[in-house]
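K.L.:
Below is a structure I'd like to ask you about.
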Amino acid sequence: NVSKLGYVDLFAFHCMSLNYQIDSVLSDDADDGGVYKFALDLQKEGKIRHIGFSTHGCAQNILRMIDSNKFSFVNLHKHYFGDYHAAGTSDLRGGQGNAECVRRALELDMGVFNISPFDKGGKLYRPPASVANAVGWELSPIAFAALHAWKVRGMHTVSVGLARSSDLDEVIEAARLYREDERAREVVRAV
């Protein structure tokens, strides 16, 4: 109940992946549901601060949502150690997967939230020896993946699913390194 909250800070249309879902949200036709207009009206009333979307779709569909310029943030998959969705789909702009989606969202000053970078992005809670060896002894694969998302890709937020409280320690270590800007860049470049 929004009246008890006062407002919702981040409102997202969930799983905008298929054409019919995107058509429904982007439609300005009130007869077609007008769901975006409904959310926009709530925003104008101060009940919603930011409107965004989450997606598991192909790069072309994600770019369609981003390029509509109607949203202030996007939740998507883009991982260093393999992508869960859209890793191999062409974005029709010369790029692969969701990298172009992230780049375009940042160009439009959208917030970018990285979905499941430590689980779907390589099962980093239990990394294969090859991944742990590639990252090296200086930081964990989870810390590396977080730094890569923040420093290289420019993403604003990574989701952290905790199986145990110590899982957060690795992300906190990445955040500490992030503050040491040059050191973080050195570590990420080294891998």
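By order of appearance in the structure tokens: chains A, B, ..., then residues from 1 within every chain, and ligands from 1 in the order shown.
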Mind checking which residues fall within 9 Å of Arg153 (chain A), counting only C-alpha atoms, ignoring those fewer than 5 positions away in the same chain, and posting them as number ranges by chain?

P.N.:
A: 78, 99, 102-103, 148

K.L.:
Generate a file of the selected residues that holds N, CA and C atoms, formatted as a short mmCIF file (atom, residue, chain, number, x, y, z; two decimals), in the first residue's frame.

P.N.:
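In the end it all went to result_7.cif:
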data_model
loop_
_atom_site.label_atom_id
_atom_site.label_comp_id
_atom_site.auth_asym_id
_atom_site.auth_seq_id
_atom_site.Cartn_x
_atom_site.Cartn_y
_atom_site.Cartn_z
N LYS A 78 24.76 -8.60 -17.35
CA LYS A 78 26.01 -8.41 -18.10
C LYS A 78 27.12 -8.78 -17.14
N ALA A 99 26.50 -5.78 -23.65
CA ALA A 99 27.50 -4.72 -23.50
C ALA A 99 27.01 -3.42 -24.12
N VAL A 102 24.32 -1.81 -21.94
CA VAL A 102 24.88 -1.08 -20.81
C VAL A 102 25.44 0.26 -21.28
N ARG A 103 26.21 0.22 -22.36
CA ARG A 103 26.81 1.44 -22.88
C ARG A 103 25.74 2.48 -23.23
N HIS A 148 34.84 -5.24 -11.84
CA HIS A 148 34.70 -5.16 -13.29
C HIS A 148 33.39 -4.46 -13.66
#

K.L.:
Write out as number ranges by chain all residues of region 2-191 of chain A that backbone DSSP assigns to strand (DSSP E).

P.N.:
A: 8-13, 48-54, 73-76, 111-114, 157-158

K.L.:
Kindly save the residues from that selection, with N, CA, C and O atoms included, as an mmCIF file, in the first residue's frame.

P.N.:
data_model
loop_
_atom_site.group_PDB
_atom_site.id
_atom_site.type_symbol
_atom_site.label_atom_id
_atom_site.label_comp_id
_atom_site.auth_asym_id
_atom_site.auth_seq_id
_atom_site.Cartn_x
_atom_site.Cartn_y
_atom_site.Cartn_z
ATOM 1 N N VAL A 8 7.232 5.155 -3.601
ATOM 2 C CA VAL A 8 8.107 4.051 -4.005
ATOM 3 C C VAL A 8 9.281 4.684 -4.729
ATOM 4 O O VAL A 8 9.093 5.437 -5.683
ATOM 5 N N ASP A 9 10.489 4.410 -4.271
ATOM 6 C CA ASP A 9 11.669 5.034 -4.870
ATOM 7 C C ASP A 9 11.944 4.485 -6.267
ATOM 8 O O ASP A 9 12.104 5.244 -7.216
ATOM 9 N N LEU A 10 12.002 3.171 -6.403
ATOM 10 C CA LEU A 10 12.313 2.545 -7.688
ATOM 11 C C LEU A 10 11.160 1.625 -8.088
ATOM 12 O O LEU A 10 10.949 0.585 -7.466
ATOM 13 N N PHE A 11 10.456 1.992 -9.126
ATOM 14 C CA PHE A 11 9.356 1.187 -9.656
ATOM 15 C C PHE A 11 9.832 0.582 -10.971
ATOM 16 O O PHE A 11 10.247 1.320 -11.875
ATOM 17 N N ALA A 12 9.774 -0.748 -11.086
ATOM 18 C CA ALA A 12 10.254 -1.394 -12.316
ATOM 19 C C ALA A 12 9.174 -2.256 -12.943
ATOM 20 O O ALA A 12 8.478 -2.999 -12.244
ATOM 21 N N PHE A 13 9.053 -2.156 -14.258
ATOM 22 C CA PHE A 13 8.268 -3.118 -15.016
ATOM 23 C C PHE A 13 9.148 -4.359 -15.120
ATOM 24 O O PHE A 13 10.257 -4.294 -15.655
ATOM 25 N N ILE A 48 5.768 7.699 -7.015
ATOM 26 C CA ILE A 48 6.890 6.947 -7.585
ATOM 27 C C ILE A 48 7.984 7.952 -7.898
ATOM 28 O O ILE A 48 7.705 9.016 -8.465
ATOM 29 N N ARG A 49 9.208 7.651 -7.539
ATOM 30 C CA ARG A 49 10.315 8.562 -7.843
ATOM 31 C C ARG A 49 10.966 8.241 -9.187
ATOM 32 O O ARG A 49 11.244 9.133 -9.969
ATOM 33 N N HIS A 50 11.267 6.957 -9.434
ATOM 34 C CA HIS A 50 11.981 6.566 -10.653
ATOM 35 C C HIS A 50 11.294 5.362 -11.288
ATOM 36 O O HIS A 50 10.944 4.411 -10.597
ATOM 37 N N ILE A 51 11.132 5.405 -12.608
ATOM 38 C CA ILE A 51 10.508 4.311 -13.351
ATOM 39 C C ILE A 51 11.591 3.631 -14.185
ATOM 40 O O ILE A 51 12.337 4.290 -14.916
ATOM 41 N N GLY A 52 11.661 2.314 -14.078
ATOM 42 C CA GLY A 52 12.637 1.549 -14.843
ATOM 43 C C GLY A 52 12.054 0.222 -15.274
ATOM 44 O O GLY A 52 10.838 0.007 -15.216
ATOM 45 N N PHE A 53 12.947 -0.690 -15.672
ATOM 46 C CA PHE A 53 12.494 -2.013 -16.098
ATOM 47 C C PHE A 53 13.598 -3.034 -15.872
ATOM 48 O O PHE A 53 14.775 -2.702 -15.823
ATOM 49 N N SER A 54 13.166 -4.286 -15.723
ATOM 50 C CA SER A 54 14.101 -5.403 -15.696
ATOM 51 C C SER A 54 13.861 -6.231 -16.944
ATOM 52 O O SER A 54 12.773 -6.187 -17.529
ATOM 53 N N PHE A 73 16.152 3.779 -15.149
ATOM 54 C CA PHE A 73 17.088 2.706 -14.829
ATOM 55 C C PHE A 73 16.686 1.414 -15.530
ATOM 56 O O PHE A 73 15.548 1.255 -15.960
ATOM 57 N N VAL A 74 17.664 0.517 -15.631
ATOM 58 C CA VAL A 74 17.449 -0.807 -16.216
ATOM 59 C C VAL A 74 18.149 -1.846 -15.342
ATOM 60 O O VAL A 74 19.238 -1.609 -14.834
ATOM 61 N N ASN A 75 17.493 -2.984 -15.154
ATOM 62 C CA ASN A 75 18.083 -4.139 -14.468
ATOM 63 C C ASN A 75 18.310 -5.204 -15.540
ATOM 64 O O ASN A 75 17.350 -5.661 -16.166
ATOM 65 N N LEU A 76 19.576 -5.580 -15.757
ATOM 66 C CA LEU A 76 19.886 -6.557 -16.801
ATOM 67 C C LEU A 76 21.091 -7.409 -16.414
ATOM 68 O O LEU A 76 21.767 -7.144 -15.447
ATOM 69 N N GLY A 111 20.380 4.615 -14.697
ATOM 70 C CA GLY A 111 21.011 3.742 -13.725
ATOM 71 C C GLY A 111 21.074 2.335 -14.293
ATOM 72 O O GLY A 111 20.160 1.910 -15.002
ATOM 73 N N VAL A 112 22.150 1.615 -13.993
ATOM 74 C CA VAL A 112 22.296 0.246 -14.493
ATOM 75 C C VAL A 112 22.538 -0.687 -13.313
ATOM 76 O O VAL A 112 23.524 -0.547 -12.594
ATOM 77 N N PHE A 113 21.630 -1.622 -13.139
ATOM 78 C CA PHE A 113 21.662 -2.609 -12.066
ATOM 79 C C PHE A 113 22.009 -3.954 -12.686
ATOM 80 O O PHE A 113 21.335 -4.402 -13.608
ATOM 81 N N ASN A 114 23.065 -4.576 -12.213
ATOM 82 C CA ASN A 114 23.538 -5.850 -12.750
ATOM 83 C C ASN A 114 22.866 -6.999 -11.995
ATOM 84 O O ASN A 114 23.082 -7.172 -10.804
ATOM 85 N N THR A 157 25.052 -0.647 -9.718
ATOM 86 C CA THR A 157 24.645 -1.553 -8.653
ATOM 87 C C THR A 157 24.818 -2.996 -9.102
ATOM 88 O O THR A 157 24.551 -3.314 -10.264
ATOM 89 N N VAL A 158 25.263 -3.851 -8.197
ATOM 90 C CA VAL A 158 25.279 -5.286 -8.438
ATOM 91 C C VAL A 158 24.401 -5.945 -7.377
ATOM 92 O O VAL A 158 24.383 -5.511 -6.235
#

K.L.:
Using only C-alpha atoms, which of A:Leu177, A:Leu162, A:Cys15, A:Val131 sits nearest Ala146 (chain A)?

P.N.:
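With only C-alpha atoms as the atom set, the closest residue is A:Leu177.
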
K.L.:
I'd like to know which residues of chain A are alpha helix (DSSP H) (by DSSP, run on the backbone); could you write them as a ChimeraX atom specification?

P.N.:
/A:2-5,19-26,35-44,59-67,99-107,129-135,141-147,167-179,181-190

K.L.:
Please indicate the distance in Å from CA of Arg64 (chain A) to CA of Ile22 (chain A), rounded to one decimal place.

P.N.:
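Rounded to one decimal, the two atoms are 8.3 Å apart.
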
K.L.:
Write out as a list in words the residues lying within 12 Å of Ala132 (chain A), counting only C-alpha atoms and excluding same-chain residues fewer than 4 positions away.

P.N.:
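Residues meeting the cut-off are Phe81, Gly122, Lys123, Leu124, Tyr125, Arg126, Pro127, Pro128, Gly136, Trp137, Glu138, Leu139, Ser140, Pro141, Ile142, Ala143, Phe144, Ala145 and Val191 of chain A.
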
K.L.:
Suppose we keep N, CA and C atoms; can you now write the selection as a PDB file, in the first residue's frame?

P.N.:
ATOM      1  N   PHE A  81      32.169 -13.199 -16.327  1.00  0.00           N
ATOM      2  CA  PHE A  81      32.315 -14.643 -16.517  1.00  0.00           C
ATOM      3  C   PHE A  81      31.059 -15.247 -17.127  1.00  0.00           C
ATOM      4  N   GLY A 122      28.668 -17.004 -13.656  1.00  0.00           N
ATOM      5  CA  GLY A 122      29.806 -17.887 -13.477  1.00  0.00           C
ATOM      6  C   GLY A 122      29.828 -18.708 -12.207  1.00  0.00           C
ATOM      7  N   LYS A 123      28.727 -18.707 -11.451  1.00  0.00           N
ATOM      8  CA  LYS A 123      28.677 -19.489 -10.203  1.00  0.00           C
ATOM      9  C   LYS A 123      29.874 -19.169  -9.311  1.00  0.00           C
ATOM     10  N   LEU A 124      30.106 -17.890  -9.069  1.00  0.00           N
ATOM     11  CA  LEU A 124      31.310 -17.437  -8.373  1.00  0.00           C
ATOM     12  C   LEU A 124      31.300 -17.707  -6.875  1.00  0.00           C
ATOM     13  N   TYR A 125      30.162 -18.149  -6.342  1.00  0.00           N
ATOM     14  CA  TYR A 125      30.150 -18.549  -4.929  1.00  0.00           C
ATOM     15  C   TYR A 125      30.963 -19.825  -4.743  1.00  0.00           C
ATOM     16  N   ARG A 126      31.036 -20.627  -5.818  1.00  0.00           N
ATOM     17  CA  ARG A 126      31.872 -21.837  -5.847  1.00  0.00           C
ATOM     18  C   ARG A 126      32.594 -21.842  -7.198  1.00  0.00           C
ATOM     19  N   PRO A 127      33.578 -20.962  -7.357  1.00  0.00           N
ATOM     20  CA  PRO A 127      34.190 -20.799  -8.682  1.00  0.00           C
ATOM     21  C   PRO A 127      35.007 -22.023  -9.092  1.00  0.00           C
ATOM     22  N   PRO A 128      34.995 -22.314 -10.386  1.00  0.00           N
ATOM     23  CA  PRO A 128      35.882 -23.363 -10.882  1.00  0.00           C
ATOM     24  C   PRO A 128      37.336 -22.950 -10.629  1.00  0.00           C
ATOM     25  N   GLY A 136      43.556 -14.839  -9.695  1.00  0.00           N
ATOM     26  CA  GLY A 136      44.777 -14.735  -8.902  1.00  0.00           C
ATOM     27  C   GLY A 136      44.504 -14.674  -7.419  1.00  0.00           C
ATOM     28  N   TRP A 137      45.558 -14.515  -6.656  1.00  0.00           N
ATOM     29  CA  TRP A 137      45.470 -14.587  -5.198  1.00  0.00           C
ATOM     30  C   TRP A 137      45.051 -13.277  -4.557  1.00  0.00           C
ATOM     31  N   GLU A 138      45.122 -12.180  -5.298  1.00  0.00           N
ATOM     32  CA  GLU A 138      44.930 -10.860  -4.688  1.00  0.00           C
ATOM     33  C   GLU A 138      43.481 -10.542  -4.305  1.00  0.00           C
ATOM     34  N   LEU A 139      42.531 -11.129  -5.017  1.00  0.00           N
ATOM     35  CA  LEU A 139      41.136 -10.931  -4.672  1.00  0.00           C
ATOM     36  C   LEU A 139      40.323 -12.112  -5.152  1.00  0.00           C
ATOM     37  N   SER A 140      39.111 -12.239  -4.647  1.00  0.00           N
ATOM     38  CA  SER A 140      38.250 -13.370  -5.007  1.00  0.00           C
ATOM     39  C   SER A 140      37.575 -13.109  -6.356  1.00  0.00           C
ATOM     40  N   PRO A 141      37.071 -14.176  -7.007  1.00  0.00           N
ATOM     41  CA  PRO A 141      36.308 -13.971  -8.240  1.00  0.00           C
ATOM     42  C   PRO A 141      35.100 -13.053  -8.052  1.00  0.00           C
ATOM     43  N   ILE A 142      34.441 -13.110  -6.889  1.00  0.00           N
ATOM     44  CA  ILE A 142      33.295 -12.227  -6.634  1.00  0.00           C
ATOM     45  C   ILE A 142      33.761 -10.774  -6.575  1.00  0.00           C
ATOM     46  N   ALA A 143      34.837 -10.510  -5.858  1.00  0.00           N
ATOM     47  CA  ALA A 143      35.353  -9.142  -5.769  1.00  0.00           C
ATOM     48  C   ALA A 143      35.776  -8.647  -7.152  1.00  0.00           C
ATOM     49  N   PHE A 144      36.423  -9.509  -7.918  1.00  0.00           N
ATOM     50  CA  PHE A 144      36.827  -9.129  -9.268  1.00  0.00           C
ATOM     51  C   PHE A 144      35.603  -8.782 -10.128  1.00  0.00           C
ATOM     52  N   ALA A 145      34.578  -9.640 -10.084  1.00  0.00           N
ATOM     53  CA  ALA A 145      33.387  -9.407 -10.912  1.00  0.00           C
ATOM     54  C   ALA A 145      32.689  -8.101 -10.527  1.00  0.00           C
ATOM     55  N   VAL A 191      43.906  -8.869 -14.659  1.00  0.00           N
ATOM     56  CA  VAL A 191      43.238 -10.092 -15.050  1.00  0.00           C
ATOM     57  C   VAL A 191      42.896 -10.030 -16.524  1.00  0.00           C
TER      58      VAL A 191
END

K.L.:
What gap, in Å, lies between CA of Ser116 (chain A) and CA of Phe71 (chain A)?

P.N.:
21.1 Å
